[in-house]
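The data block below is work.txt; it holds compact mmCIF, C-alpha atoms and all ligand atoms.
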# COMPACT_ATOMS: atom_id res chain seq x y z
CA MET E 1 -28.35 57.64 -12.30
CA PHE E 2 -27.54 57.33 -16.01
CA ASP E 3 -24.61 54.93 -15.54
CA LEU E 4 -24.93 51.76 -17.64
CA SER E 5 -21.69 50.10 -16.47
CA GLY E 6 -22.15 46.32 -16.26
CA LYS E 7 -25.31 46.44 -18.39
CA VAL E 8 -25.73 44.50 -21.63
CA ALA E 9 -27.63 46.10 -24.51
CA ILE E 10 -28.85 44.64 -27.80
CA VAL E 11 -29.55 47.16 -30.57
CA THR E 12 -31.28 45.84 -33.68
CA GLY E 13 -30.21 47.69 -36.79
CA GLY E 14 -27.31 48.92 -34.67
CA ASN E 15 -24.84 48.86 -37.55
CA GLY E 16 -25.78 52.25 -39.01
CA GLY E 17 -28.06 55.27 -38.90
CA ILE E 18 -30.13 55.86 -35.77
CA GLY E 19 -29.24 52.45 -34.31
CA LEU E 20 -25.54 53.22 -34.36
CA GLY E 21 -26.17 56.69 -32.87
CA ILE E 22 -28.05 55.02 -30.01
CA ALA E 23 -25.38 52.32 -29.64
CA ARG E 24 -22.68 55.02 -29.32
CA GLY E 25 -24.69 56.68 -26.55
CA LEU E 26 -25.29 53.44 -24.63
CA ALA E 27 -21.60 52.51 -24.98
CA SER E 28 -20.47 55.91 -23.72
CA ALA E 29 -22.70 55.40 -20.65
CA GLY E 30 -20.84 52.12 -20.00
CA ALA E 31 -23.01 49.37 -21.54
CA ALA E 32 -21.62 46.38 -23.46
CA LEU E 33 -23.24 46.29 -26.89
CA MET E 34 -24.47 43.60 -29.26
CA LEU E 35 -25.23 45.10 -32.67
CA VAL E 36 -27.72 43.19 -34.80
CA GLY E 37 -27.83 43.58 -38.59
CA ARG E 38 -28.11 41.58 -41.81
CA ASP E 39 -25.06 43.01 -43.54
CA ALA E 40 -22.06 41.30 -41.91
CA ALA E 41 -19.36 43.69 -43.18
CA LYS E 42 -21.33 46.79 -42.15
CA THR E 43 -22.04 45.29 -38.72
CA GLU E 44 -18.36 44.42 -38.17
CA ARG E 45 -17.37 47.98 -39.16
CA ALA E 46 -19.77 49.39 -36.58
CA VAL E 47 -18.46 46.99 -33.91
CA ALA E 48 -14.89 48.08 -34.74
CA GLU E 49 -15.92 51.75 -34.42
CA LEU E 50 -17.31 51.16 -30.94
CA ALA E 51 -14.39 48.94 -29.90
CA ALA E 52 -11.97 51.70 -30.95
CA THR E 53 -13.53 53.94 -28.29
CA GLY E 54 -12.86 51.28 -25.65
CA ALA E 55 -16.39 49.87 -25.62
CA THR E 56 -17.22 46.16 -25.41
CA ALA E 57 -19.11 45.35 -28.60
CA SER E 58 -20.01 42.31 -30.67
CA ALA E 59 -21.96 41.59 -33.86
CA ALA E 60 -24.95 39.31 -34.44
CA ILE E 61 -25.91 38.70 -38.04
CA ALA E 62 -29.66 38.20 -38.05
CA ASP E 63 -32.88 39.05 -39.84
CA VAL E 64 -35.26 40.45 -37.23
CA THR E 65 -38.29 39.22 -39.19
CA VAL E 66 -37.20 35.62 -38.50
CA GLU E 67 -38.17 34.20 -35.10
CA ALA E 68 -35.22 31.78 -34.93
CA ASP E 69 -32.77 34.61 -35.68
CA CYS E 70 -34.19 36.71 -32.81
CA ARG E 71 -33.93 33.78 -30.41
CA GLY E 72 -30.40 33.25 -31.74
CA PHE E 73 -29.09 36.72 -30.91
CA ALA E 74 -30.78 36.70 -27.50
CA GLU E 75 -29.07 33.36 -26.72
CA ALA E 76 -25.74 34.63 -28.06
CA ALA E 77 -25.93 37.72 -25.81
CA LEU E 78 -26.78 35.56 -22.82
CA GLN E 79 -23.93 33.12 -23.50
CA ARG E 80 -21.44 35.89 -24.02
CA HIS E 81 -22.41 38.17 -21.14
CA GLY E 82 -24.62 36.06 -18.86
CA ARG E 83 -27.36 38.70 -18.88
CA ILE E 84 -29.44 41.06 -21.03
CA ASP E 85 -30.54 44.40 -19.61
CA ILE E 86 -31.58 46.53 -22.58
CA LEU E 87 -33.19 45.82 -25.95
CA VAL E 88 -33.52 48.61 -28.51
CA ASN E 89 -35.93 47.59 -31.27
CA ASN E 90 -34.64 49.92 -33.96
CA ALA E 91 -34.35 47.86 -37.20
CA GLY E 92 -36.83 49.02 -39.80
CA THR E 93 -37.35 50.19 -43.33
CA ASN E 94 -39.75 51.96 -45.70
CA TRP E 95 -40.70 52.00 -49.38
CA ARG E 96 -42.54 55.11 -50.50
CA LYS E 97 -45.60 55.19 -52.77
CA PRO E 98 -49.34 55.96 -52.64
CA PRO E 99 -51.39 53.52 -50.48
CA GLN E 100 -53.15 51.99 -53.50
CA ASP E 101 -49.85 50.99 -55.12
CA TYR E 102 -48.62 48.56 -52.44
CA SER E 103 -49.01 44.84 -53.09
CA LEU E 104 -50.08 42.55 -50.26
CA GLU E 105 -46.56 41.11 -50.28
CA GLU E 106 -45.03 44.60 -49.77
CA TRP E 107 -47.54 45.44 -47.03
CA ARG E 108 -46.67 42.23 -45.18
CA ALA E 109 -42.94 42.76 -45.62
CA LEU E 110 -43.10 46.28 -44.13
CA ILE E 111 -45.31 45.23 -41.21
CA ASP E 112 -42.88 42.35 -40.58
CA ALA E 113 -39.78 44.53 -40.77
CA ASN E 114 -41.09 47.33 -38.51
CA LEU E 115 -43.69 45.77 -36.20
CA THR E 116 -43.46 41.96 -36.11
CA SER E 117 -39.71 42.32 -35.60
CA THR E 118 -40.41 44.30 -32.43
CA PHE E 119 -42.68 41.52 -31.19
CA LEU E 120 -40.18 38.76 -32.05
CA ALA E 121 -37.14 40.41 -30.46
CA SER E 122 -39.11 41.41 -27.35
CA MET E 123 -40.33 37.83 -26.90
CA ALA E 124 -36.79 36.53 -27.39
CA VAL E 125 -35.43 38.60 -24.46
CA PHE E 126 -38.51 38.51 -22.22
CA PRO E 127 -37.71 35.22 -20.36
CA THR E 128 -34.29 36.61 -19.39
CA LEU E 129 -35.65 40.00 -18.27
CA GLN E 130 -38.41 38.22 -16.35
CA CYS E 131 -35.86 36.01 -14.52
CA GLN E 132 -33.72 39.05 -13.71
CA ARG E 133 -36.84 40.93 -12.57
CA ALA E 134 -35.46 43.96 -14.44
CA GLY E 135 -35.09 45.16 -17.99
CA LYS E 136 -35.53 48.04 -20.39
CA ILE E 137 -37.06 47.81 -23.85
CA VAL E 138 -36.87 50.86 -26.10
CA ASN E 139 -38.90 50.69 -29.31
CA ILE E 140 -38.29 53.08 -32.18
CA GLY E 141 -41.50 54.58 -33.55
CA SER E 142 -41.71 57.60 -35.83
CA MET E 143 -43.57 60.85 -36.48
CA THR E 144 -45.90 58.49 -38.40
CA SER E 145 -46.80 56.91 -35.04
CA ILE E 146 -48.69 60.22 -34.60
CA PHE E 147 -49.38 61.54 -38.13
CA GLY E 148 -50.12 59.83 -41.43
CA ALA E 149 -47.81 60.22 -44.42
CA SER E 150 -49.39 60.06 -47.88
CA PHE E 151 -46.38 58.13 -49.22
CA ALA E 152 -46.03 55.67 -46.31
CA ALA E 153 -49.29 53.83 -45.47
CA PRO E 154 -47.87 50.45 -44.34
CA TYR E 155 -44.97 52.21 -42.59
CA SER E 156 -47.40 54.52 -40.73
CA ALA E 157 -49.58 51.53 -39.76
CA SER E 158 -46.53 49.64 -38.49
CA LYS E 159 -45.21 52.61 -36.49
CA GLY E 160 -48.63 53.33 -34.97
CA GLY E 161 -48.62 49.66 -34.00
CA VAL E 162 -45.19 49.97 -32.41
CA VAL E 163 -46.53 52.58 -29.95
CA GLN E 164 -49.63 50.55 -29.04
CA PHE E 165 -47.50 47.40 -28.65
CA THR E 166 -45.18 49.42 -26.39
CA LYS E 167 -48.08 50.45 -24.17
CA ALA E 168 -49.50 46.91 -24.01
CA CYS E 169 -46.15 45.38 -23.02
CA ALA E 170 -45.50 48.22 -20.54
CA THR E 171 -48.72 47.45 -18.70
CA ALA E 172 -48.21 43.67 -18.84
CA TRP E 173 -44.58 43.62 -17.76
CA ALA E 174 -44.45 46.38 -15.11
CA GLU E 175 -44.99 43.68 -12.46
CA HIS E 176 -41.76 42.00 -13.66
CA GLY E 177 -39.73 45.19 -13.24
CA ILE E 178 -39.51 45.69 -17.01
CA GLN E 179 -40.04 49.17 -18.51
CA VAL E 180 -41.10 49.42 -22.14
CA ASN E 181 -40.99 52.82 -23.83
CA ALA E 182 -40.80 54.26 -27.33
CA ILE E 183 -38.79 57.01 -28.95
CA LEU E 184 -40.40 58.80 -31.88
CA PRO E 185 -37.63 60.29 -34.01
CA GLY E 186 -38.37 63.29 -36.18
CA TRP E 187 -36.62 63.61 -39.51
CA ILE E 188 -33.10 62.25 -39.06
CA ASP E 189 -30.41 62.28 -41.72
CA THR E 190 -29.66 58.58 -42.47
CA GLU E 191 -29.48 56.27 -45.50
CA LEU E 192 -33.24 55.73 -45.14
CA THR E 193 -34.12 59.41 -45.44
CA GLN E 194 -31.40 60.11 -48.01
CA GLN E 195 -33.39 57.71 -50.23
CA GLY E 196 -36.59 59.49 -49.19
CA ARG E 197 -35.25 62.85 -50.32
CA VAL E 198 -34.57 61.39 -53.75
CA GLN E 199 -38.00 59.70 -54.00
CA VAL E 200 -40.23 62.46 -52.56
CA PRO E 201 -39.86 65.83 -54.35
CA GLY E 202 -39.66 68.81 -51.98
CA LEU E 203 -39.21 66.64 -48.86
CA ASN E 204 -35.96 68.32 -47.79
CA GLU E 205 -37.52 71.82 -47.94
CA ARG E 206 -40.73 70.68 -46.17
CA VAL E 207 -38.75 69.12 -43.32
CA LEU E 208 -36.60 72.23 -42.87
CA ALA E 209 -39.62 74.55 -42.99
CA ARG E 210 -41.67 72.54 -40.48
CA THR E 211 -38.96 71.64 -37.94
CA PRO E 212 -38.71 74.47 -35.36
CA ALA E 213 -35.05 73.56 -34.70
CA GLY E 214 -34.47 74.42 -38.37
CA ARG E 215 -32.39 71.38 -39.23
CA TRP E 216 -32.51 67.63 -39.87
CA GLY E 217 -31.63 65.53 -36.84
CA VAL E 218 -28.49 63.38 -36.75
CA PRO E 219 -28.32 59.84 -35.30
CA ASP E 220 -26.48 61.05 -32.18
CA ASP E 221 -29.52 63.25 -31.32
CA LEU E 222 -31.30 60.06 -30.24
CA ALA E 223 -28.55 58.90 -27.86
CA GLY E 224 -29.49 60.93 -24.78
CA THR E 225 -33.13 59.83 -24.69
CA ALA E 226 -32.08 56.21 -25.33
CA VAL E 227 -29.62 56.34 -22.41
CA TYR E 228 -32.31 57.86 -20.18
CA LEU E 229 -34.85 55.15 -21.11
CA SER E 230 -32.20 52.44 -20.56
CA SER E 231 -31.05 53.68 -17.17
CA ARG E 232 -32.21 53.76 -13.56
CA ALA E 233 -33.29 57.37 -14.17
CA SER E 234 -36.41 56.08 -15.97
CA ASP E 235 -37.42 53.29 -13.56
CA PHE E 236 -40.89 54.85 -13.01
CA VAL E 237 -41.38 55.68 -16.72
CA THR E 238 -43.15 53.03 -18.77
CA GLY E 239 -45.48 53.07 -21.76
CA ALA E 240 -44.24 56.52 -22.81
CA ALA E 241 -43.62 57.58 -26.41
CA ILE E 242 -41.14 60.45 -26.45
CA PRO E 243 -40.71 62.54 -29.60
CA VAL E 244 -37.10 63.51 -30.37
CA ASP E 245 -37.87 65.72 -33.30
CA GLY E 246 -36.58 69.27 -32.93
CA GLY E 247 -40.18 70.33 -32.19
CA TYR E 248 -41.69 68.90 -35.40
CA SER E 249 -44.68 67.27 -33.66
CA SER E 250 -45.39 70.38 -31.55
CA GLN E 251 -45.70 72.71 -34.54
CA ALA E 252 -49.30 73.48 -35.58
P1 LIG E 301 -31.22 52.96 -41.89
O1 LIG E 301 -31.78 52.46 -43.17
O2 LIG E 301 -30.06 53.86 -41.88
O3 LIG E 301 -30.92 51.74 -40.91
C1 LIG E 301 -31.82 50.68 -40.80
C2 LIG E 301 -31.17 49.60 -39.99
O4 LIG E 301 -32.07 48.52 -39.81
C3 LIG E 301 -29.94 49.04 -40.67
O5 LIG E 301 -28.96 48.92 -39.68
C4 LIG E 301 -30.38 47.68 -41.18
O6 LIG E 301 -29.30 46.74 -41.13
C5 LIG E 301 -31.43 47.31 -40.16
N1 LIG E 301 -32.45 46.39 -40.67
C6 LIG E 301 -33.46 46.66 -41.53
N2 LIG E 301 -34.18 45.56 -41.75
C7 LIG E 301 -33.62 44.57 -41.02
C8 LIG E 301 -33.92 43.21 -40.82
N3 LIG E 301 -34.96 42.62 -41.42
N4 LIG E 301 -33.14 42.50 -39.97
C9 LIG E 301 -32.09 43.06 -39.34
N5 LIG E 301 -31.77 44.36 -39.48
C10 LIG E 301 -32.52 45.10 -40.32
O7 LIG E 301 -32.48 53.67 -41.18
P2 LIG E 301 -32.60 54.67 -39.95
O8 LIG E 301 -31.41 54.62 -39.12
O9 LIG E 301 -33.08 55.94 -40.49
O10 LIG E 301 -33.84 54.01 -39.20
C11 LIG E 301 -33.72 53.27 -38.01
C12 LIG E 301 -35.10 53.18 -37.36
O11 LIG E 301 -35.56 54.50 -37.09
C13 LIG E 301 -36.15 52.53 -38.27
O12 LIG E 301 -37.04 51.77 -37.45
C14 LIG E 301 -36.88 53.73 -38.86
O13 LIG E 301 -38.18 53.41 -39.22
C15 LIG E 301 -36.84 54.66 -37.67
N6 LIG E 301 -37.04 56.07 -38.00
C16 LIG E 301 -36.18 56.74 -38.81
C17 LIG E 301 -36.38 58.08 -39.06
C18 LIG E 301 -35.47 58.90 -39.88
O14 LIG E 301 -35.79 60.09 -40.16
N7 LIG E 301 -34.33 58.39 -40.31
C19 LIG E 301 -37.55 58.80 -38.50
C20 LIG E 301 -38.37 57.98 -37.68
C21 LIG E 301 -38.13 56.68 -37.45
P3 LIG E 301 -28.73 46.03 -42.49
O15 LIG E 301 -28.29 47.15 -43.37
O16 LIG E 301 -27.62 45.18 -41.98
O17 LIG E 301 -29.90 45.26 -43.02

Please render this file's structure as structure tokens.
Ligand code: NDP
Amino acid sequence: MFDLSGKVAIVTGGNGGIGLGIARGLASAGAALMLVGRDAAKTERAVAELAATGATASAAIADVTVEADCRGFAEAALQRHGRIDILVNNAGTNWRKPPQDYSLEEWRALIDANLTSTFLASMAVFPTLQCQRAGKIVNIGSMTSIFGASFAAPYSASKGGVVQFTKACATAWAEHGIQVNAILPGWIDTELTQQGRVQVPGLNERVLARTPAGRWGVPDDLAGTAVYLSSRASDFVTGAAIPVDGGYSSQA
């Protein structure tokens, strides 16, 4: 039910952090992986890590805010493997400050990186999934898809948008056999949040105090839910947004 043998998965931002944790999970379930990132050396290192475990993996160097780049990696996956079964829209970033301190340029850049990227990559794979009459799209939201964060207004807006975009595509594409779901990670220890702990005083202690599991998540914590949402096991699940957060969003 969870077997991904013969399936082809594209993971944006798959060269590190949560994306690489998800890629490891999909590879261990049998999928061939295409990892998308901007940093070529980092992406090749991640591909080598997966290949060393016996997985089929390749790199695509692309900026997910650029439409032609998204079309490019979708075409490359199709040429290489003849099919695309799974897209994980994971690439994203954040810059932390009070809402009134963002410039319009910064606002647009964050919306592009986190939300428009999800639109562009989804549109790039849609014709293939539609032809196959099957496909799985997994979008990465955040706790800020649910809550606001005083230091992350554009990020919160983009991640709220990711969930609503997920639901809209889920309802539109169910008739094509395509399921579109979101994972909402809690606080996960990655480069992104290592920066956050430096920039936001007391963040580490607040996360530990509020997370019932009593720890930060690690990228591999996301793998199981990503495999589930990419596999036959979730064929009747679409439009869902599943927190993977050690209980953070359930705590009053
Ligand atoms: P990292 O900073 O560790 O990884 C971000 C990844 O996204 C990198 O692989 C980076 O690749 C890629 N990326 C960023 N911008 C672009 C772009 N324009 N084009 C292509 N690739 C891009 O962050 P995380 O692993 O922590 O975050 C991954 C996702 O999870 C993000 O969407 C984030 O918002 C979300 N998330 C993270 C949480 C956490 O606690 N860590 C909590 C909730 C959500 P490269 O270096 O090559 O540019």

Which residues are near Lys42 in chain E? Cut-off 12 Å, all atoms listed in the file, ignore same chain within fewer than 2 positions. Put them as a PyMOL selection string. chain E and resi 13-17+20+35-40+44-49+59-61

Okay, now the selection with C-alpha atoms, as a compact mmCIF listing (two decimals), in the frame of the given file?
# COMPACT_ATOMS: atom_id res chain seq x y z
CA GLY E 13 -30.21 47.69 -36.79
CA GLY E 14 -27.31 48.92 -34.67
CA ASN E 15 -24.84 48.86 -37.55
CA GLY E 16 -25.78 52.25 -39.01
CA GLY E 17 -28.06 55.27 -38.90
CA LEU E 20 -25.54 53.22 -34.36
CA LEU E 35 -25.23 45.10 -32.67
CA VAL E 36 -27.72 43.19 -34.80
CA GLY E 37 -27.83 43.58 -38.59
CA ARG E 38 -28.11 41.58 -41.81
CA ASP E 39 -25.06 43.01 -43.54
CA ALA E 40 -22.06 41.30 -41.91
CA GLU E 44 -18.36 44.42 -38.17
CA ARG E 45 -17.37 47.98 -39.16
CA ALA E 46 -19.77 49.39 -36.58
CA VAL E 47 -18.46 46.99 -33.91
CA ALA E 48 -14.89 48.08 -34.74
CA GLU E 49 -15.92 51.75 -34.42
CA ALA E 59 -21.96 41.59 -33.86
CA ALA E 60 -24.95 39.31 -34.44
CA ILE E 61 -25.91 38.70 -38.04

Closest to ligand LIG 301 (chain E) among E:Ile188, E:Leu26, E:Ala153, E:Cys131, using all atoms listed in the file? E:Ile188

Which residue gives the smallest distance to ligand LIG 301 (chain E) among E:Met143, E:Ala172, E:Val88, E:Ala29, with all atoms listed in the file counted?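 Answer, going by the shortest atom-to-atom distance: E:Met143.
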
Can you tell me which residues come within 8 Å of ligand LIG 301 (chain E) when counting all atoms listed in the file, ideally as a PyMOL selection string? chain E and resi 12-20+36-40+42-43+61-66+89-94+112-114+117+140-144+155+159+184-193+217+219

Okay, now the selection with C-alpha atoms, as an mmCIF file, keeping the file's coordinate frame?
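Result written to result_28.cif:
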data_model
loop_
_atom_site.group_PDB
_atom_site.id
_atom_site.type_symbol
_atom_site.label_atom_id
_atom_site.label_comp_id
_atom_site.auth_asym_id
_atom_site.auth_seq_id
_atom_site.Cartn_x
_atom_site.Cartn_y
_atom_site.Cartn_z
ATOM 1 C CA THR E 12 -31.280 45.840 -33.680
ATOM 2 C CA GLY E 13 -30.210 47.690 -36.790
ATOM 3 C CA GLY E 14 -27.310 48.920 -34.670
ATOM 4 C CA ASN E 15 -24.840 48.860 -37.550
ATOM 5 C CA GLY E 16 -25.780 52.250 -39.010
ATOM 6 C CA GLY E 17 -28.060 55.270 -38.900
ATOM 7 C CA ILE E 18 -30.130 55.860 -35.770
ATOM 8 C CA GLY E 19 -29.240 52.450 -34.310
ATOM 9 C CA LEU E 20 -25.540 53.220 -34.360
ATOM 10 C CA VAL E 36 -27.720 43.190 -34.800
ATOM 11 C CA GLY E 37 -27.830 43.580 -38.590
ATOM 12 C CA ARG E 38 -28.110 41.580 -41.810
ATOM 13 C CA ASP E 39 -25.060 43.010 -43.540
ATOM 14 C CA ALA E 40 -22.060 41.300 -41.910
ATOM 15 C CA LYS E 42 -21.330 46.790 -42.150
ATOM 16 C CA THR E 43 -22.040 45.290 -38.720
ATOM 17 C CA ILE E 61 -25.910 38.700 -38.040
ATOM 18 C CA ALA E 62 -29.660 38.200 -38.050
ATOM 19 C CA ASP E 63 -32.880 39.050 -39.840
ATOM 20 C CA VAL E 64 -35.260 40.450 -37.230
ATOM 21 C CA THR E 65 -38.290 39.220 -39.190
ATOM 22 C CA VAL E 66 -37.200 35.620 -38.500
ATOM 23 C CA ASN E 89 -35.930 47.590 -31.270
ATOM 24 C CA ASN E 90 -34.640 49.920 -33.960
ATOM 25 C CA ALA E 91 -34.350 47.860 -37.200
ATOM 26 C CA GLY E 92 -36.830 49.020 -39.800
ATOM 27 C CA THR E 93 -37.350 50.190 -43.330
ATOM 28 C CA ASN E 94 -39.750 51.960 -45.700
ATOM 29 C CA ASP E 112 -42.880 42.350 -40.580
ATOM 30 C CA ALA E 113 -39.780 44.530 -40.770
ATOM 31 C CA ASN E 114 -41.090 47.330 -38.510
ATOM 32 C CA SER E 117 -39.710 42.320 -35.600
ATOM 33 C CA ILE E 140 -38.290 53.080 -32.180
ATOM 34 C CA GLY E 141 -41.500 54.580 -33.550
ATOM 35 C CA SER E 142 -41.710 57.600 -35.830
ATOM 36 C CA MET E 143 -43.570 60.850 -36.480
ATOM 37 C CA THR E 144 -45.900 58.490 -38.400
ATOM 38 C CA TYR E 155 -44.970 52.210 -42.590
ATOM 39 C CA LYS E 159 -45.210 52.610 -36.490
ATOM 40 C CA LEU E 184 -40.400 58.800 -31.880
ATOM 41 C CA PRO E 185 -37.630 60.290 -34.010
ATOM 42 C CA GLY E 186 -38.370 63.290 -36.180
ATOM 43 C CA TRP E 187 -36.620 63.610 -39.510
ATOM 44 C CA ILE E 188 -33.100 62.250 -39.060
ATOM 45 C CA ASP E 189 -30.410 62.280 -41.720
ATOM 46 C CA THR E 190 -29.660 58.580 -42.470
ATOM 47 C CA GLU E 191 -29.480 56.270 -45.500
ATOM 48 C CA LEU E 192 -33.240 55.730 -45.140
ATOM 49 C CA THR E 193 -34.120 59.410 -45.440
ATOM 50 C CA GLY E 217 -31.630 65.530 -36.840
ATOM 51 C CA PRO E 219 -28.320 59.840 -35.300
#

Proximity to Leu87 in chain E - best of E:Pro127, E:Gly224, E:Gly135, E:Gly54, all atoms listed in the file: E:Gly135

With distances taken over only C-alpha atoms, which residue among E:Asp85, E:Glu175, E:Glu205, E:Glu106 lies nearest Leu4 in chain E?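 Smallest separation from Leu4 in chain E among the options: E:Asp85.
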
With all atoms listed in the file as the atoms that count, which of E:Ile137, E:Ala76, E:Ala121, E:Leu203 lies nearest to Ala182 in chain E?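 Closest to Ala182 in chain E, using all atoms listed in the file: E:Ile137.
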
I need the residue nearest Ile111 in chain E from this list: E:Ala252, E:Ala157, E:Ala223, E:Leu208. Use all atoms listed in the file for the distance.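 So, comparing all the options, the nearest one is E:Ala157.
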
Taking (-38.6, 40.3, -18.1) in the file's own coordinates, collect the residues within 10 Å, counting all atoms listed in the file, and hand them back as a short mmCIF file (atom, residue, chain, number, x, y, z; two decimals) with C-alpha atoms, in the coordinates of the input.
data_model
loop_
_atom_site.label_atom_id
_atom_site.label_comp_id
_atom_site.auth_asym_id
_atom_site.auth_seq_id
_atom_site.Cartn_x
_atom_site.Cartn_y
_atom_site.Cartn_z
CA ILE E 84 -29.44 41.06 -21.03
CA ASP E 85 -30.54 44.40 -19.61
CA SER E 122 -39.11 41.41 -27.35
CA MET E 123 -40.33 37.83 -26.90
CA VAL E 125 -35.43 38.60 -24.46
CA PHE E 126 -38.51 38.51 -22.22
CA PRO E 127 -37.71 35.22 -20.36
CA THR E 128 -34.29 36.61 -19.39
CA LEU E 129 -35.65 40.00 -18.27
CA GLN E 130 -38.41 38.22 -16.35
CA CYS E 131 -35.86 36.01 -14.52
CA GLN E 132 -33.72 39.05 -13.71
CA ARG E 133 -36.84 40.93 -12.57
CA ALA E 134 -35.46 43.96 -14.44
CA GLY E 135 -35.09 45.16 -17.99
CA LYS E 136 -35.53 48.04 -20.39
CA ILE E 137 -37.06 47.81 -23.85
CA TRP E 173 -44.58 43.62 -17.76
CA ALA E 174 -44.45 46.38 -15.11
CA GLU E 175 -44.99 43.68 -12.46
CA HIS E 176 -41.76 42.00 -13.66
CA GLY E 177 -39.73 45.19 -13.24
CA ILE E 178 -39.51 45.69 -17.01
CA GLN E 179 -40.04 49.17 -18.51
#

Distance CA of Ala32 in chain E-CA of Ile10 in chain E, one decimal place?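 Between CA of Ala32 in chain E and CA of Ile10 in chain E the gap works out to 8.6 Å.
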
Could you jot down the CA of Thr211 in chain E to CA of Gly148 in chain E separation for me, Å, one decimal place? 16.6 Å

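CA of Ala55 in chain E to CA of Ala27 in chain E spans 5.9 Å [interatomic distance, one decimal].
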
Set up a box along x, y and z of the file covering all listed atoms of range 79-84 of chain E, add 3 Å on every one of the six sides, and write the centre and edge lengths in Å to one decimal, as JSON.
{"center_x": -25.4, "center_y": 37.1, "center_z": -21.4, "size_x": 14.0, "size_y": 13.9, "size_z": 11.2}

How would range 104-109 of chain E read, as a PDB file, in the coordinates of the input, once all heavy atoms are built in?
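Once everything was written out, this is out_34.pdb:
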ATOM      1  N   LEU E 104     -49.912  43.207 -51.567  1.00  0.00           N
ATOM      2  CA  LEU E 104     -50.080  42.550 -50.260  1.00  0.00           C
ATOM      3  C   LEU E 104     -48.714  42.076 -49.748  1.00  0.00           C
ATOM      4  O   LEU E 104     -48.410  42.175 -48.550  1.00  0.00           O
ATOM      5  CB  LEU E 104     -51.036  41.357 -50.408  1.00  0.00           C
ATOM      6  CG  LEU E 104     -51.246  40.510 -49.155  1.00  0.00           C
ATOM      7  CD1 LEU E 104     -51.763  41.337 -47.981  1.00  0.00           C
ATOM      8  CD2 LEU E 104     -52.204  39.352 -49.454  1.00  0.00           C
ATOM      9  N   GLU E 105     -47.902  41.590 -50.672  1.00  0.00           N
ATOM     10  CA  GLU E 105     -46.560  41.110 -50.280  1.00  0.00           C
ATOM     11  C   GLU E 105     -45.719  42.257 -49.683  1.00  0.00           C
ATOM     12  O   GLU E 105     -45.051  42.092 -48.658  1.00  0.00           O
ATOM     13  CB  GLU E 105     -45.870  40.585 -51.547  1.00  0.00           C
ATOM     14  CG  GLU E 105     -44.704  39.710 -51.284  1.00  0.00           C
ATOM     15  CD  GLU E 105     -44.066  39.247 -52.596  1.00  0.00           C
ATOM     16  OE1 GLU E 105     -44.203  39.934 -53.633  1.00  0.00           O
ATOM     17  OE2 GLU E 105     -43.428  38.199 -52.549  1.00  0.00           O
ATOM     18  N   GLU E 106     -45.790  43.441 -50.292  1.00  0.00           N
ATOM     19  CA  GLU E 106     -45.030  44.600 -49.770  1.00  0.00           C
ATOM     20  C   GLU E 106     -45.585  45.045 -48.411  1.00  0.00           C
ATOM     21  O   GLU E 106     -44.825  45.387 -47.506  1.00  0.00           O
ATOM     22  CB  GLU E 106     -45.099  45.759 -50.769  1.00  0.00           C
ATOM     23  CG  GLU E 106     -44.284  45.498 -52.021  1.00  0.00           C
ATOM     24  CD  GLU E 106     -44.532  46.553 -53.102  1.00  0.00           C
ATOM     25  OE1 GLU E 106     -45.671  47.072 -53.218  1.00  0.00           O
ATOM     26  OE2 GLU E 106     -43.584  46.829 -53.848  1.00  0.00           O
ATOM     27  N   TRP E 107     -46.908  45.077 -48.308  1.00  0.00           N
ATOM     28  CA  TRP E 107     -47.540  45.440 -47.030  1.00  0.00           C
ATOM     29  C   TRP E 107     -47.021  44.523 -45.920  1.00  0.00           C
ATOM     30  O   TRP E 107     -46.567  44.969 -44.875  1.00  0.00           O
ATOM     31  CB  TRP E 107     -49.068  45.322 -47.176  1.00  0.00           C
ATOM     32  CG  TRP E 107     -49.813  45.335 -45.873  1.00  0.00           C
ATOM     33  CD1 TRP E 107     -50.109  44.246 -45.094  1.00  0.00           C
ATOM     34  CD2 TRP E 107     -50.323  46.473 -45.162  1.00  0.00           C
ATOM     35  NE1 TRP E 107     -50.778  44.633 -43.959  1.00  0.00           N
ATOM     36  CE2 TRP E 107     -50.923  45.990 -43.977  1.00  0.00           C
ATOM     37  CE3 TRP E 107     -50.335  47.847 -45.424  1.00  0.00           C
ATOM     38  CZ2 TRP E 107     -51.530  46.835 -43.044  1.00  0.00           C
ATOM     39  CZ3 TRP E 107     -50.954  48.688 -44.488  1.00  0.00           C
ATOM     40  CH2 TRP E 107     -51.537  48.189 -43.323  1.00  0.00           C
ATOM     41  N   ARG E 108     -47.086  43.198 -46.207  1.00  0.00           N
ATOM     42  CA  ARG E 108     -46.670  42.230 -45.180  1.00  0.00           C
ATOM     43  C   ARG E 108     -45.190  42.389 -44.844  1.00  0.00           C
ATOM     44  O   ARG E 108     -44.795  42.287 -43.681  1.00  0.00           O
ATOM     45  CB  ARG E 108     -46.947  40.802 -45.654  1.00  0.00           C
ATOM     46  CG  ARG E 108     -48.417  40.459 -45.579  1.00  0.00           C
ATOM     47  CD  ARG E 108     -48.671  38.985 -45.822  1.00  0.00           C
ATOM     48  NE  ARG E 108     -50.043  38.641 -45.502  1.00  0.00           N
ATOM     49  CZ  ARG E 108     -50.823  37.861 -46.233  1.00  0.00           C
ATOM     50  NH1 ARG E 108     -50.363  37.321 -47.346  1.00  0.00           N
ATOM     51  NH2 ARG E 108     -52.053  37.613 -45.854  1.00  0.00           N
ATOM     52  N   ALA E 109     -44.386  42.642 -45.857  1.00  0.00           N
ATOM     53  CA  ALA E 109     -42.940  42.760 -45.620  1.00  0.00           C
ATOM     54  C   ALA E 109     -42.637  43.978 -44.733  1.00  0.00           C
ATOM     55  O   ALA E 109     -41.774  43.917 -43.850  1.00  0.00           O
ATOM     56  CB  ALA E 109     -42.195  42.871 -46.947  1.00  0.00           C
TER      57      ALA E 109
END
